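J.: So that we are looking at the same thing, I have put the structure below in C-alpha cells.
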Amino acid sequence: MIVYVMPAQVVGLLQQFLGKYVFGLDAESLKISVWRGDVVLRNLRLKPEALEELHLPITVKSGLLGRLTLKVPWSSLGKQPVVVELDRLFLVAGPKEDDSLKQQDGSQPAAGSSPEELERSAKSQRVAAAEATWLKDVTERESNAAAAGGAGSGGGVGSSVGARFYALLDTIIGNLQLKITNVHVRYEDSSSNPGHSFCIGLMLQEISASTANEDWRAAFVTAGALLTLRKLAELKSLCVYFDCDVPLEQQPRGDLIAPQRWDELMLPGHHMQPQALASSPQAAWTPSSQQQQQQGVVTQHQFLLCPVDGKLR
C-alpha cells in the first residue's frame, strides 16, 4: 500500500517545489512519468524570482535547466537508490532595480511597481501560503495516524504501517544519488560602476554524491541511513572567474533563446581548454576553438579559482 501512495506524493512535491523555480511543468505528463518511474523534463526556463528566497539585491535575467531526470525504482523501492540528475543549469543574473530593493524582506511591493512585479510578489505569497497549509496538513495527518495507531489494544496495525513508511522514507532519502553536470552561473553588472562593466561567473562540469558504508565504500545502506549519513562526493572542474571592463552581450529574453544557443553561450566545455591550465590563479582562460569560430572573437576569463577537481567525504 505504501508504494501506491508515494507516486502521488512525488508528483505533488515536484509540482510544489520545482514549480517555484521553473516554467513549463506539465502536470499530466508528470503524473504518467512518475508512475512509470522515469521522469525526464527538458529545457525548463528559470523564473525571474528563482533567487528571491536568498534575499539578495540580484534578479534572474534569464536561465535554463536543460534536463532533469528522476529515476525511481518502484518495484524495488528501499533496495535500490533513487537517482536525481540535473544537466545544463545555466543562469544569468543582474542587479535589481531600485524599486525592487525596497521589498527584499518579502513585504508588500513598493509603490509604483510594475504589473509583472506585483504578480510575482502575489505569486510568492500564494506559494508561501500553500507551503504552510501543506506542512500543517502533513503534520496533522501524522499526529492523527500516530494517535489512531496507539489507541486501544488493536492500534498496533496502524502504528506498524506508519513505522514502516517512515523507515522506508529514511532509507530512500539516505541513499539518494545526485549528479549535477554543466553548471554555469553568471552575474553581469553595467550599472553599479557606470563605464566599467564586470561579470562574475561560477562554472562546474560535474558534481556527484552517493551513499557510503562505514568503510567509506559506495553502498546501499538500510540500517540508519539518515542517522549516520555518509556521502561520497566527487567534483570536476570547479572554477570562478571575474572579468572587468568587458562588453556585455545584449541577449534576448530567456524564452527567446533556443536551447542550442544556450549551449553555445554557457556550456562550461566551451569556455575551458585543458591545455590552458596554468600555475598562476590569475592566468587567462581561452574559450575552445569551436566557441571562437562561433563568436568570431576570443573572450578570455580572469580566473579567481582555476578549474579544480576533488573528492569529499
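Residue numbering restarts at 1 in every chain; chains get A, B, ... in the order shown in the C-alpha cells, and ligands count up from 1 in that same order.
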Excluding same-chain residues fewer than 6 positions from Phe220 in chain A, what lies within 8 Å of it counting only C-alpha atoms, as a VMD selection string?

T.: chain A and resid 79 to 81 175 211 to 213

J.: Name the residues in contact with Arg230 in chain A at a cut-off of 12 Å, using only C-alpha atoms, excluding same-chain residues fewer than 6 positions from it; report them as a list in words.

T.: Ile173, Gly174, Asn175, Leu176, Gln177, Ala209, Ser210, Thr211, Ala212, Asn213, Glu214, Asp215, Trp216, Arg217, Ala218, Ala219, Phe220, Val221, Gly224, Leu312 and Arg313 of chain A

J.: Just write the chosen residues, all heavy atoms, as a compact mmCIF listing (two decimals), in the first residue's frame.

T.:
```
# COMPACT_ATOMS: atom_id res chain seq x y z
N ILE A 173 15.72 8.57 1.31
CA ILE A 173 16.43 9.84 1.37
C ILE A 173 17.91 9.63 1.67
O ILE A 173 18.78 10.27 1.08
CB ILE A 173 15.79 10.76 2.44
CG1 ILE A 173 14.35 11.08 2.05
CG2 ILE A 173 16.60 12.03 2.61
CD1 ILE A 173 13.59 11.87 3.10
N GLY A 174 18.20 8.72 2.58
CA GLY A 174 19.58 8.46 2.96
C GLY A 174 20.42 7.89 1.83
O GLY A 174 21.64 8.07 1.83
N ASN A 175 19.80 7.21 0.87
CA ASN A 175 20.54 6.59 -0.24
C ASN A 175 20.35 7.33 -1.56
O ASN A 175 20.69 6.80 -2.62
CB ASN A 175 20.10 5.14 -0.41
CG ASN A 175 20.60 4.25 0.71
OD1 ASN A 175 21.74 3.79 0.71
ND2 ASN A 175 19.75 4.02 1.71
N LEU A 176 19.82 8.53 -1.49
CA LEU A 176 19.60 9.32 -2.70
C LEU A 176 20.92 9.57 -3.42
O LEU A 176 21.91 9.97 -2.80
CB LEU A 176 18.95 10.65 -2.32
CG LEU A 176 18.51 11.54 -3.49
CD1 LEU A 176 17.30 10.94 -4.20
CD2 LEU A 176 18.16 12.93 -2.97
N GLN A 177 20.93 9.34 -4.72
CA GLN A 177 22.11 9.61 -5.55
C GLN A 177 21.85 10.86 -6.36
O GLN A 177 20.81 10.99 -7.02
CB GLN A 177 22.42 8.44 -6.48
CG GLN A 177 22.97 7.23 -5.77
CD GLN A 177 23.45 6.15 -6.73
OE1 GLN A 177 23.39 6.33 -7.95
NE2 GLN A 177 23.92 5.05 -6.20
N ALA A 209 27.16 12.74 -5.87
CA ALA A 209 27.17 12.31 -4.47
C ALA A 209 26.44 10.98 -4.35
O ALA A 209 25.38 10.80 -4.94
CB ALA A 209 26.52 13.36 -3.58
N SER A 210 27.02 10.06 -3.59
CA SER A 210 26.40 8.76 -3.36
C SER A 210 26.66 8.35 -1.92
O SER A 210 27.56 8.87 -1.25
CB SER A 210 26.97 7.70 -4.32
OG SER A 210 28.37 7.60 -4.19
N THR A 211 25.88 7.39 -1.43
CA THR A 211 25.97 6.94 -0.04
C THR A 211 27.10 5.93 0.13
O THR A 211 27.36 5.12 -0.76
CB THR A 211 24.63 6.32 0.39
OG1 THR A 211 23.60 7.29 0.20
CG2 THR A 211 24.66 5.91 1.85
N ALA A 212 27.74 5.99 1.28
CA ALA A 212 28.84 5.07 1.58
C ALA A 212 28.56 4.33 2.89
O ALA A 212 27.80 4.80 3.74
CB ALA A 212 30.15 5.82 1.68
N ASN A 213 29.19 3.16 3.04
CA ASN A 213 29.06 2.40 4.27
C ASN A 213 30.12 2.84 5.27
O ASN A 213 30.85 3.81 5.04
CB ASN A 213 29.14 0.89 3.99
CG ASN A 213 30.44 0.51 3.30
OD1 ASN A 213 31.44 1.22 3.36
ND2 ASN A 213 30.43 -0.63 2.64
N GLU A 214 30.26 2.11 6.38
CA GLU A 214 31.20 2.51 7.42
C GLU A 214 32.66 2.42 6.96
O GLU A 214 33.54 3.02 7.56
CB GLU A 214 31.01 1.65 8.68
CG GLU A 214 31.17 0.15 8.48
CD GLU A 214 29.85 -0.50 8.04
OE1 GLU A 214 28.90 0.24 7.72
OE2 GLU A 214 29.80 -1.74 8.02
N ASP A 215 32.92 1.67 5.87
CA ASP A 215 34.28 1.60 5.32
C ASP A 215 34.50 2.62 4.22
O ASP A 215 35.51 2.56 3.52
CB ASP A 215 34.53 0.19 4.76
CG ASP A 215 34.47 -0.88 5.85
OD1 ASP A 215 34.93 -0.58 6.97
OD2 ASP A 215 33.96 -1.98 5.58
N TRP A 216 33.56 3.55 4.04
CA TRP A 216 33.61 4.58 3.01
C TRP A 216 33.72 3.99 1.62
O TRP A 216 34.46 4.46 0.77
CB TRP A 216 34.75 5.56 3.27
CG TRP A 216 34.48 6.45 4.45
CD1 TRP A 216 35.02 6.35 5.69
CD2 TRP A 216 33.56 7.54 4.48
NE1 TRP A 216 34.50 7.32 6.52
CE2 TRP A 216 33.59 8.08 5.80
CE3 TRP A 216 32.72 8.14 3.54
CZ2 TRP A 216 32.82 9.16 6.19
CZ3 TRP A 216 31.95 9.21 3.93
CH2 TRP A 216 32.00 9.72 5.24
N ARG A 217 32.92 2.95 1.39
CA ARG A 217 32.76 2.38 0.06
C ARG A 217 31.32 2.60 -0.38
O ARG A 217 30.40 2.51 0.43
CB ARG A 217 33.10 0.89 0.05
CG ARG A 217 34.54 0.57 0.42
CD ARG A 217 34.80 -0.93 0.37
NE ARG A 217 36.16 -1.25 0.75
CZ ARG A 217 37.20 -1.22 -0.10
NH1 ARG A 217 37.00 -0.93 -1.37
NH2 ARG A 217 38.40 -1.54 0.33
N ALA A 218 31.14 2.90 -1.66
CA ALA A 218 29.80 3.13 -2.18
C ALA A 218 28.94 1.91 -1.92
O ALA A 218 29.31 0.77 -2.23
CB ALA A 218 29.86 3.43 -3.68
N ALA A 219 27.77 2.13 -1.31
CA ALA A 219 26.90 1.02 -0.93
C ALA A 219 25.49 1.53 -0.72
O ALA A 219 25.25 2.73 -0.56
CB ALA A 219 27.43 0.33 0.32
N PHE A 220 24.54 0.59 -0.70
CA PHE A 220 23.16 0.91 -0.35
C PHE A 220 22.98 0.54 1.12
O PHE A 220 23.08 -0.63 1.50
CB PHE A 220 22.17 0.13 -1.22
CG PHE A 220 20.74 0.58 -1.06
CD1 PHE A 220 20.23 1.58 -1.87
CD2 PHE A 220 19.92 0.02 -0.09
CE1 PHE A 220 18.92 2.00 -1.72
CE2 PHE A 220 18.61 0.44 0.08
CZ PHE A 220 18.11 1.44 -0.75
N VAL A 221 22.69 1.54 1.95
CA VAL A 221 22.63 1.35 3.39
C VAL A 221 21.17 1.34 3.83
O VAL A 221 20.40 2.24 3.50
CB VAL A 221 23.38 2.48 4.12
CG1 VAL A 221 23.29 2.31 5.62
CG2 VAL A 221 24.84 2.51 3.68
N GLY A 224 19.77 2.75 9.57
CA GLY A 224 20.16 4.09 10.00
C GLY A 224 20.75 4.92 8.89
O GLY A 224 21.77 5.60 9.09
N LEU A 312 35.29 14.49 -1.84
CA LEU A 312 34.91 14.82 -0.48
C LEU A 312 34.20 13.64 0.17
O LEU A 312 33.56 12.84 -0.50
CB LEU A 312 33.97 16.04 -0.45
CG LEU A 312 34.49 17.32 -1.15
CD1 LEU A 312 33.38 18.34 -1.20
CD2 LEU A 312 35.70 17.86 -0.44
N ARG A 313 34.29 13.55 1.47
CA ARG A 313 33.53 12.53 2.20
C ARG A 313 33.30 12.98 3.63
O ARG A 313 33.95 13.87 4.13
CB ARG A 313 34.24 11.19 2.18
CG ARG A 313 35.56 11.12 2.91
CD ARG A 313 36.16 9.73 2.82
NE ARG A 313 37.34 9.59 3.65
CZ ARG A 313 38.02 8.46 3.76
NH1 ARG A 313 37.64 7.39 3.07
NH2 ARG A 313 39.08 8.37 4.56
```

J.: At what distance in Å, to one decimal, does CA of Pro73 in chain A lie from CA of Ala163 in chain A?

T.: 21.0 Å

J.: What does the structure give for the distance between CA of Leu169 in chain A and CA of Ser76 in chain A, in Å to one decimal?

T.: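 Result for CA of Leu169 in chain A versus CA of Ser76 in chain A: 13.4 Å, one decimal.
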
J.: With distances taken over only C-alpha atoms, which residue among A:Leu41, A:Val84, A:Ala233, A:Val183 lies nearest Asp263 in chain A?

T.: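 When distances to Asp263 in chain A are compared using only C-alpha atoms, the smallest one comes from A:Val183.
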